[in-house]
Amino acid sequence: MHLIEIPERNIKVYIPEHLGECDNDQFAHICLLMFQYQSKELTLDQFKYNAVYKLMGLTKVKNSKLSKFDQEQMHANIYTVSCLLDSFLTKNEEDQIYIRQEFRKNPMPSIPMLNGSLKGPKDNFETMPFGQYLDALDIFGNFAKQPKTELLYKLCATLYQRSNYDPDKVPELVKQLKTHFFGYVYGAYILFTTFQHVINNSLIMIEGNLCDLSILYTKSSSQKKYLNLPNLGMKSTAFVLAESGVFGTYQEVRKADLWDILSRLYDMRVRDLEEEERMKQTKSKSKK
């Protein structure tokens, strides 16, 4: 957290350093501002300036109510605080600016609706059915090819069904979401993007062992069916697992826990790589 102090008014305010420290409402607002920045509706300075207001719970005052000196002082103070918000951002190798996505806890566990709320995934997508993840991944992949806003609504409606996931509910939920604050919708996209980033780039603890799940997304020379990607090959993987009978029928595979499936795939992949290495060593010895 960043500490903001105004000694003359005896004020101390903490604001988040990154998305992972935001509360539900802050997360949605920052995600909206990031969407507007990436859509070139806001400059980077405007993104940070507006973010200060949201994170500090400030209300914009009409300039006509302030003296020129007070206006200049206000803008100077906001600008000074906005410089701290560089901590929300990072650059890729092409110097493109992105929001930092280093959290594992879901900062947006629910979306407030007119009647109740939609419950989102648990931290690390725990207990999510594999089929729900598959459907979200399919939409996510389509958005990467054709970034249409409609797909963001579908992704949000797919992810924010914590219990009793039903793909048939998605169209109706999309209609409801279109009447609500768009920051929550883009927040769901950021959440899913972050999850994909984590499982592609981090060591994950599974059954007490640190596992590098990135090996699931690289093909071996043997080109196993369950790794016949593109789009991470998860849909074809579901059919292969169904054919093997390990988790039952295709519909039973879809109902299985996401992390049970990933654990099984990881085990299959490790054995595949080990077998590949043994074959290489055997060939090397036979040539001597």
# chains A, B, ... in the order shown; residues from 1 in each chain; ligands from 1
>>> residues_around(residues="segment 20-31 of chain A", least_positions_apart="2", cutoff="8 Å", atoms="only C-alpha atoms", output="JSON list (two decimals) with C-alpha atoms, in the first residue's frame")
[["chain", "number", "residue", "atom", "x", "y", "z"],
["A", 1, "MET", "CA", 0.00, 0.00, 0.00],
["A", 16, "PRO", "CA", -3.27, 0.21, -3.31],
["A", 17, "GLU", "CA", 0.06, -0.30, -5.07],
["A", 18, "HIS", "CA", -1.37, -2.74, -7.62],
["A", 33, "LEU", "CA", -9.83, 3.06, -16.75],
["A", 34, "MET", "CA", -7.31, 0.57, -18.14],
["A", 35, "PHE", "CA", -9.78, -0.43, -20.85],
["A", 51, "ALA", "CA", -7.39, 6.50, -10.83],
["A", 54, "LYS", "CA", -11.25, 6.41, -7.49],
["A", 55, "LEU", "CA", -8.62, 4.97, -5.15],
["A", 101, "GLN", "CA", -1.19, -8.89, -13.07],
["A", 102, "GLU", "CA", 0.62, -10.57, -10.23],
["A", 103, "PHE", "CA", -2.25, -11.47, -7.92],
["A", 104, "ARG", "CA", -3.60, -14.93, -7.14],
["A", 105, "LYS", "CA", -6.42, -13.89, -4.86],
["A", 106, "ASN", "CA", -9.52, -12.83, -6.78],
["A", 107, "PRO", "CA", -9.87, -9.07, -6.06],
["A", 108, "MET", "CA", -13.38, -9.07, -7.58],
["A", 109, "PRO", "CA", -15.21, -11.98, -5.93],
["A", 110, "SER", "CA", -18.65, -10.66, -6.87],
["A", 183, "GLY", "CA", -15.59, -2.11, -15.26],
["A", 184, "TYR", "CA", -16.80, -5.39, -13.77],
["A", 186, "TYR", "CA", -13.47, -5.96, -18.17],
["A", 187, "GLY", "CA", -12.37, -6.92, -14.68],
["A", 190, "ILE", "CA", -8.29, -9.17, -16.48]]
>>> residues_around(residues="Asp260 of chain A", least_positions_apart="3", cutoff="10 Å", atoms="only C-alpha atoms", output="PyMOL selection string")
chain A and resi 126-127+129-130+206+247+256-257+263-266
>>> residues_around(residues="Asn200 of chain A", least_positions_apart="6", cutoff="10 Å", atoms="only C-alpha atoms", output="PyMOL selection string")
chain A and resi 194+212-217
>>> residues_around(residues="Tyr153 of chain A", least_positions_apart="4", cutoff="7 Å", atoms="only C-alpha atoms", output="VMD selection string")
chain A and resid 149 157 174 177 185
>>> closest_residue(among="A:Ile261, A:Leu159, A:Ile4, A:Leu152", to="Asp135 of chain A", atoms="only C-alpha atoms")
A:Leu159
>>> atom_distance(atom1="atom CA of Met128 of chain A", atom2="atom CA of Gln161 of chain A")
9.5 Å
>>> select_by_dssp(residues="segment 104-263 of chain A", states="strand (DSSP E)", output="PyMOL selection string")
chain A and resi 110-112+117-119+203-206+209-212
>>> atom_distance(atom1="atom CA of Lys48 of chain A", atom2="atom CA of Ser82 of chain A")
5.3 Å
>>> residues_around(residues="Thr158 of chain A", least_positions_apart="4", cutoff="10 Å", atoms="only C-alpha atoms", output="PyMOL selection string")
chain A and resi 120+132-133+135-137+139+152-154+162+165-171+173-174+188
>>> write_last_selection(atoms="C-alpha atoms", output="mmCIF file, in the first residue's frame")
data_model
loop_
_atom_site.group_PDB
_atom_site.id
_atom_site.type_symbol
_atom_site.label_atom_id
_atom_site.label_comp_id
_atom_site.auth_asym_id
_atom_site.auth_seq_id
_atom_site.Cartn_x
_atom_site.Cartn_y
_atom_site.Cartn_z
ATOM 1 C CA GLY A 120 -17.059 -15.112 -9.299
ATOM 2 C CA GLN A 132 -16.530 -23.847 -17.243
ATOM 3 C CA TYR A 133 -12.832 -23.183 -17.723
ATOM 4 C CA ASP A 135 -15.851 -22.431 -22.246
ATOM 5 C CA ALA A 136 -14.101 -19.365 -20.822
ATOM 6 C CA LEU A 137 -10.870 -20.325 -22.566
ATOM 7 C CA ILE A 139 -14.169 -17.169 -25.569
ATOM 8 C CA LEU A 152 -16.067 -9.758 -22.970
ATOM 9 C CA TYR A 153 -19.670 -9.900 -21.771
ATOM 10 C CA LYS A 154 -19.824 -13.619 -22.632
ATOM 11 C CA ARG A 162 -19.603 -19.859 -9.003
ATOM 12 C CA TYR A 165 -22.433 -23.567 -13.792
ATOM 13 C CA ASP A 166 -24.856 -23.676 -16.711
ATOM 14 C CA PRO A 167 -23.687 -22.479 -20.172
ATOM 15 C CA ASP A 168 -27.346 -22.009 -21.154
ATOM 16 C CA LYS A 169 -27.561 -19.151 -18.638
ATOM 17 C CA VAL A 170 -24.887 -17.121 -20.409
ATOM 18 C CA PRO A 171 -27.148 -15.258 -22.919
ATOM 19 C CA LEU A 173 -26.602 -13.011 -17.934
ATOM 20 C CA VAL A 174 -25.064 -11.099 -20.843
ATOM 21 C CA ALA A 188 -13.465 -10.508 -15.419
#
>>> atom_distance(atom1="atom CA of Glu94 of chain A", atom2="atom CA of Lys148 of chain A")
23.9 Å
>>> closest_residue(among="A:Lys255, A:Cys211, A:Val81, A:Ala242", to="Arg269 of chain A", atoms="only C-alpha atoms")
A:Cys211
>>> residues_around(residues="Leu210 of chain A", least_positions_apart="5", cutoff="12 Å", atoms="only C-alpha atoms", output="mmCIF file with C-alpha atoms, in the first residue's frame")
data_model
loop_
_atom_site.group_PDB
_atom_site.id
_atom_site.type_symbol
_atom_site.label_atom_id
_atom_site.label_comp_id
_atom_site.auth_asym_id
_atom_site.auth_seq_id
_atom_site.Cartn_x
_atom_site.Cartn_y
_atom_site.Cartn_z
ATOM 1 C CA ILE A 199 -0.263 -21.061 -14.846
ATOM 2 C CA SER A 202 4.743 -19.702 -12.267
ATOM 3 C CA LEU A 203 5.475 -22.755 -10.192
ATOM 4 C CA ILE A 204 2.211 -24.080 -8.738
ATOM 5 C CA MET A 205 1.934 -26.176 -5.582
ATOM 6 C CA SER A 263 -2.821 -32.324 -12.201
ATOM 7 C CA TYR A 266 0.811 -32.489 -15.734
#
>>> select_by_dssp(residues="segment 97-262 of chain A", states="alpha helix (DSSP H)", output="number ranges by chain")
A: 130-145, 149-159, 170-177, 182-201, 234-244, 250-255, 258-262
>>> closest_residue(among="A:Asp95, A:Asn124, A:Tyr14, A:Ala144", to="Gly57 of chain A", atoms="only C-alpha atoms")
A:Tyr14
